[in-house]
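Have a look at model-v8.txt below; it lists compact mmCIF, C-alpha atoms.
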```
# COMPACT_ATOMS: atom_id res chain seq x y z
CA MET B 10 -59.00 49.55 66.35
CA LYS B 11 -59.57 49.76 62.60
CA ASN B 12 -56.59 47.41 61.96
CA LEU B 13 -58.04 44.91 64.44
CA SER B 14 -61.43 44.74 62.65
CA THR B 15 -59.70 44.37 59.25
CA PHE B 16 -57.55 41.60 60.68
CA SER B 17 -60.65 39.89 62.14
CA LEU B 18 -62.47 40.03 58.80
CA ALA B 19 -59.46 38.60 57.00
CA LEU B 20 -59.18 35.80 59.55
CA ILE B 21 -62.89 34.96 59.18
CA ALA B 22 -62.55 34.91 55.36
CA ILE B 23 -59.54 32.57 55.56
CA CYS B 24 -61.43 30.21 57.89
CA PHE B 25 -64.50 30.26 55.62
CA PHE B 26 -62.56 29.42 52.45
CA SER B 27 -60.54 26.76 54.28
CA PHE B 28 -63.81 25.12 55.38
CA ILE B 29 -65.10 25.12 51.78
CA GLY B 30 -61.88 23.48 50.58
CA VAL B 31 -62.04 20.78 53.28
CA ALA B 32 -65.72 20.11 52.48
CA ALA B 33 -64.95 19.71 48.78
CA GLN B 34 -62.08 17.33 49.54
CA ALA B 35 -64.33 15.28 51.85
CA GLN B 36 -66.93 15.02 49.07
CA ASN B 37 -64.27 13.69 46.66
CA ASN B 38 -63.16 11.13 49.26
CA LYS B 39 -66.74 9.85 49.60
CA LYS B 40 -66.76 8.45 46.05
CA SER B 41 -67.80 4.83 46.11
CA GLU B 42 -65.60 2.06 44.82
CA SER B 43 -67.78 1.76 41.71
CA GLU B 44 -67.60 5.51 41.00
CA LYS B 45 -63.81 5.35 41.19
CA ALA B 46 -63.80 2.30 38.90
CA LEU B 47 -66.06 4.11 36.41
CA GLU B 48 -63.34 6.74 35.92
CA ALA B 49 -61.19 4.03 34.30
CA PHE B 50 -63.69 3.46 31.48
CA PRO B 51 -63.36 5.64 28.38
CA ALA B 52 -66.05 8.07 27.31
CA ALA B 53 -68.38 6.86 24.58
CA LYS B 54 -67.20 7.36 21.01
CA THR B 55 -69.14 9.53 18.58
CA GLY B 56 -72.51 7.91 17.81
CA MET B 57 -72.31 5.65 20.88
CA VAL B 58 -73.78 5.90 24.38
CA ARG B 59 -72.25 4.54 27.59
CA HIS B 60 -74.82 2.64 29.69
CA ILE B 61 -74.06 1.89 33.35
CA ILE B 62 -75.59 -0.97 35.34
CA GLN B 63 -74.98 -0.81 39.08
CA VAL B 64 -76.37 -3.69 41.15
CA LYS B 65 -77.08 -3.66 44.89
CA PRO B 66 -74.81 -5.48 47.36
CA GLN B 67 -76.05 -8.96 48.34
CA LYS B 68 -75.00 -11.31 51.14
CA ASP B 69 -73.96 -14.10 48.76
CA GLU B 70 -73.27 -12.55 45.37
CA SER B 71 -72.18 -15.91 43.94
CA ALA B 72 -75.87 -16.92 43.93
CA PHE B 73 -76.74 -14.07 41.52
CA GLN B 74 -76.11 -13.29 37.86
CA VAL B 75 -76.96 -10.34 35.62
CA GLU B 76 -78.49 -10.73 32.18
CA ILE B 77 -77.64 -7.83 29.85
CA ILE B 78 -80.47 -7.23 27.37
CA PRO B 79 -79.68 -4.92 24.45
CA GLY B 80 -82.55 -3.75 22.28
CA LYS B 81 -84.61 -0.96 20.81
CA THR B 82 -88.22 0.21 21.07
CA MET B 83 -89.70 -0.23 17.60
CA LEU B 84 -93.04 -0.14 15.80
CA VAL B 85 -93.73 -3.82 15.03
CA ASP B 86 -96.61 -6.09 14.07
CA CYS B 87 -97.94 -9.09 16.04
CA ASN B 88 -95.06 -11.38 15.02
CA ARG B 89 -92.17 -12.26 17.31
CA HIS B 90 -89.22 -10.02 16.48
CA GLN B 91 -85.54 -10.20 17.38
CA LEU B 92 -83.02 -7.45 16.82
CA MET B 93 -79.91 -8.51 14.94
CA GLY B 94 -76.71 -7.47 16.68
CA THR B 95 -73.73 -8.62 18.71
CA LEU B 96 -72.80 -8.04 22.33
CA GLU B 97 -69.09 -8.60 22.92
CA GLN B 98 -67.05 -8.64 26.10
CA LYS B 99 -63.88 -6.54 25.89
CA ASP B 100 -60.97 -6.04 28.30
CA LEU B 101 -60.12 -2.63 29.67
CA GLN B 102 -56.38 -2.84 29.13
CA GLY B 103 -54.28 -2.26 32.24
CA TRP B 104 -57.20 -2.35 34.68
CA GLY B 105 -58.40 -5.95 34.77
CA TYR B 106 -62.01 -4.83 34.19
CA ASN B 107 -64.39 -5.88 31.43
CA TYR B 108 -66.85 -3.80 29.48
CA TYR B 109 -69.33 -4.75 26.78
CA ASP B 110 -69.76 -3.42 23.27
CA PHE B 111 -73.11 -3.79 21.50
CA SER B 112 -73.30 -3.26 17.75
CA SER B 113 -76.36 -3.38 15.51
CA ASP B 114 -77.64 -1.79 12.33
CA GLY B 115 -81.24 -2.01 13.57
CA LYS B 116 -82.36 -4.88 11.32
CA THR B 117 -84.70 -7.49 12.76
CA ILE B 118 -85.80 -11.03 12.05
CA SER B 119 -89.32 -12.22 12.80
CA THR B 120 -91.89 -14.94 12.44
CA LEU B 121 -94.23 -14.64 9.45
CA MET B 122 -97.73 -14.99 10.91
CA GLY B 123 -100.60 -13.08 9.34
CA CYS B 124 -101.55 -10.19 11.62
CA ASN B 125 -104.99 -8.67 12.03
CA GLN B 126 -103.95 -6.26 14.78
CA PRO B 127 -102.50 -2.77 14.41
CA ASP B 128 -98.75 -2.31 14.78
CA GLU B 129 -97.55 -1.27 18.23
CA TYR B 130 -94.37 -0.03 19.88
CA ARG B 131 -92.50 -2.80 21.72
CA PHE B 132 -89.02 -3.35 23.07
CA VAL B 133 -87.32 -5.67 20.56
CA GLN B 134 -84.31 -7.33 22.13
CA SER B 135 -81.17 -8.78 20.67
CA ARG B 136 -79.25 -11.78 21.98
CA THR B 137 -78.57 -11.42 25.67
CA LEU B 138 -75.48 -12.14 27.73
CA ILE B 139 -75.35 -13.43 31.31
CA VAL B 140 -72.47 -12.05 33.39
CA ARG B 141 -71.17 -12.36 36.92
CA TYR B 142 -72.91 -10.35 39.65
CA ASN B 143 -70.51 -7.91 41.32
CA SER B 144 -71.86 -4.94 43.28
CA ARG B 145 -68.38 -3.40 43.67
CA LEU B 146 -67.93 -2.73 39.94
CA PRO B 147 -70.32 -1.18 37.45
CA ILE B 148 -71.30 -3.11 34.33
CA VAL B 149 -70.47 -0.78 31.43
CA VAL B 150 -72.09 -1.30 28.03
CA TYR B 151 -71.47 0.86 24.96
CA ALA B 152 -74.33 0.89 22.43
CA PRO B 153 -75.24 2.96 19.38
CA GLU B 154 -77.44 6.00 19.96
CA GLY B 155 -81.13 5.07 19.91
CA PHE B 156 -80.59 1.63 21.43
CA ASP B 157 -81.38 0.72 25.04
CA ILE B 158 -79.67 -1.58 27.49
CA LYS B 159 -81.89 -3.30 30.04
CA TYR B 160 -81.01 -6.00 32.53
CA LYS B 161 -82.44 -8.74 34.72
CA VAL B 162 -80.99 -10.09 37.95
CA TRP B 163 -81.16 -13.86 38.29
CA LYS B 164 -80.96 -15.64 41.64
CA ALA B 165 -80.11 -19.30 42.17
CA ASP B 166 -82.28 -21.34 44.48
CA LYS B 167 -80.53 -22.81 47.53
CA LYS B 168 -82.37 -26.09 47.03
CA MET B 169 -80.56 -28.53 44.74
CA SER B 170 -82.45 -31.12 42.74
CA ASP B 171 -81.33 -34.64 41.88
CA SER B 172 -80.92 -35.71 38.29
CA VAL B 173 -82.74 -38.73 36.90
CA ILE B 174 -80.70 -41.79 35.91
CA LYS B 175 -82.04 -43.84 33.01
```
Can the structure in the file be given as structure tokens, please?
Amino acid sequence: MKNLSTFSLALIAICFFSFIGVAAQAQNNKKSESEKALEAFPAAKTGMVRHIIQVKPQKDESAFQVEIIPGKTMLVDCNRHQLMGTLEQKDLQGWGYNYYDFSSDGKTISTLMGCNQPDEYRFVQSRTLIVRYNSRLPIVVYAPEGFDIKYKVWKADKKMSDSVIK
């Protein structure tokens, strides 16, 4: 009788741990296509941050584009400011994917109007880049620590307009 209860407990324990293993495997299999693709991208280098943009699926993705907007929140006056920096497209060798590398030393250029208002914190953007909309792959941007990556989604109108002939 004692051997039977020990055997039963062992059998229950084996079933329990088997269930946990199957559940963990099922969770790994549920990774989306974009999560699997993200594994191909390298971790950010020292002093850099990896930013991920994931867009929602659309019926006609060819009618959409994504504008990548690198920048930094800074204390600035009333003038118009632009962050100096470059946003470059790079190839992820062996995968056929692209990623983007933003570099900046934090310097800005601005207009030179006289200001009679106190300085305020604003997002100062650098030059932007418009890229293809693709909900199946993440848009990966590496930027220095302290810089932000924002984005806008642009949609084309279905109506076409005629040009003017002169």
Grab the CA of Lys161 in chain B to CA of Val58 in chain B distance for me, in Å with one decimal place.
-> 19.9 Å
Which of B:Pro147, B:Pro127, B:Gly115, B:Pro153 sits closest to Asp86 in chain B [using all atoms listed in the file] =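 Smallest distance to Asp86 in chain B is found for B:Pro127.
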What is the CA of Pro51 in chain B to CA of Tyr160 in chain B distance in Å?
-> 21.5 Å
Between CA of Leu101 in chain B and CA of Gln67 in chain B, what is the distance, to one decimal in Å?
-> 25.3 Å
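Using all atoms listed in the file, the nearest neighbour of Tyr108 in chain B within the list B:Tyr151, B:Ala52, B:Lys65, B:Thr82 is B:Tyr151.
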Pull the closest atom pair for each residue of range 32-104 of chain B that gets at most 6 Å from range 133-146 of chain B, along with the distance in Å to one decimal, counting all atoms listed in the file, ordering rows by chain and then ascending residue number, as JSON lines.
```
{"residue": "B:Ser43", "atom": "CA", "partner": "B:Leu146", "partner_atom": "CA", "distance": 4.8}
{"residue": "B:Val64", "atom": "CA", "partner": "B:Ser144", "partner_atom": "CA", "distance": 5.1}
{"residue": "B:Lys65", "atom": "CA", "partner": "B:Ser144", "partner_atom": "CA", "distance": 5.6}
{"residue": "B:Pro66", "atom": "CA", "partner": "B:Ser144", "partner_atom": "CA", "distance": 5.1}
{"residue": "B:Phe73", "atom": "CA", "partner": "B:Tyr142", "partner_atom": "CA", "distance": 5.7}
{"residue": "B:Gln74", "atom": "CA", "partner": "B:Tyr142", "partner_atom": "CA", "distance": 4.7}
{"residue": "B:Val75", "atom": "CA", "partner": "B:Val140", "partner_atom": "CA", "distance": 5.3}
{"residue": "B:Glu76", "atom": "CA", "partner": "B:Ile139", "partner_atom": "CA", "distance": 4.2}
{"residue": "B:Ile77", "atom": "CA", "partner": "B:Leu138", "partner_atom": "CA", "distance": 5.3}
{"residue": "B:Ile78", "atom": "CA", "partner": "B:Thr137", "partner_atom": "CA", "distance": 4.9}
{"residue": "B:Pro79", "atom": "CA", "partner": "B:Ser135", "partner_atom": "CA", "distance": 5.6}
{"residue": "B:Gly80", "atom": "CA", "partner": "B:Gln134", "partner_atom": "CA", "distance": 4.0}
{"residue": "B:Lys81", "atom": "CA", "partner": "B:Val133", "partner_atom": "CA", "distance": 5.4}
{"residue": "B:Thr82", "atom": "CA", "partner": "B:Val133", "partner_atom": "CA", "distance": 6.0}
{"residue": "B:Gln91", "atom": "CA", "partner": "B:Ser135", "partner_atom": "CA", "distance": 5.7}
{"residue": "B:Leu92", "atom": "CA", "partner": "B:Ser135", "partner_atom": "CA", "distance": 4.5}
{"residue": "B:Met93", "atom": "CA", "partner": "B:Ser135", "partner_atom": "CA", "distance": 5.9}
```
Close residues, Met57 in chain B itself excluded, 10 Å, only C-alpha atoms, min 4 positions apart in chain, as a PyMOL selection string = chain B and resi 52-53+110-112+150-156
Restrict the selected residues to C-alpha atoms and save them as an mmCIF file, in the coordinates of the input.
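So the final result, stored in selection33.cif, reads:
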```
data_model
loop_
_atom_site.group_PDB
_atom_site.id
_atom_site.type_symbol
_atom_site.label_atom_id
_atom_site.label_comp_id
_atom_site.auth_asym_id
_atom_site.auth_seq_id
_atom_site.Cartn_x
_atom_site.Cartn_y
_atom_site.Cartn_z
ATOM 1 C CA ALA B 52 -66.050 8.070 27.310
ATOM 2 C CA ALA B 53 -68.380 6.860 24.580
ATOM 3 C CA ASP B 110 -69.760 -3.420 23.270
ATOM 4 C CA PHE B 111 -73.110 -3.790 21.500
ATOM 5 C CA SER B 112 -73.300 -3.260 17.750
ATOM 6 C CA VAL B 150 -72.090 -1.300 28.030
ATOM 7 C CA TYR B 151 -71.470 0.860 24.960
ATOM 8 C CA ALA B 152 -74.330 0.890 22.430
ATOM 9 C CA PRO B 153 -75.240 2.960 19.380
ATOM 10 C CA GLU B 154 -77.440 6.000 19.960
ATOM 11 C CA GLY B 155 -81.130 5.070 19.910
ATOM 12 C CA PHE B 156 -80.590 1.630 21.430
#
```
For Glu48 in chain B, which residue among B:Lys159, B:Val149, B:Lys68, B:Asn125 is the nearest when counting only C-alpha atoms?
->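 Smallest separation from Glu48 in chain B among the options: B:Val149.
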Which residue of B:Asn107, B:Gln63, B:Ser71, B:Gln126 approaches Lys164 in chain B most closely, using only C-alpha atoms =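 Closest candidate: B:Ser71.
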Min atom-atom distance to Thr95 in chain B from the set B:Arg131, B:Lys45, B:Lys116, B:Lys54, counting only C-alpha atoms, belongs to B:Lys116
Which of these, B:Asp114, B:Asp166, B:Phe132, B:Asp157, has the shortest distance to Arg89 in chain B once you count all atoms listed in the file?
->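 Between B:Asp114, B:Asp166, B:Phe132, B:Asp157, the residue approaching Arg89 in chain B most closely is B:Phe132.
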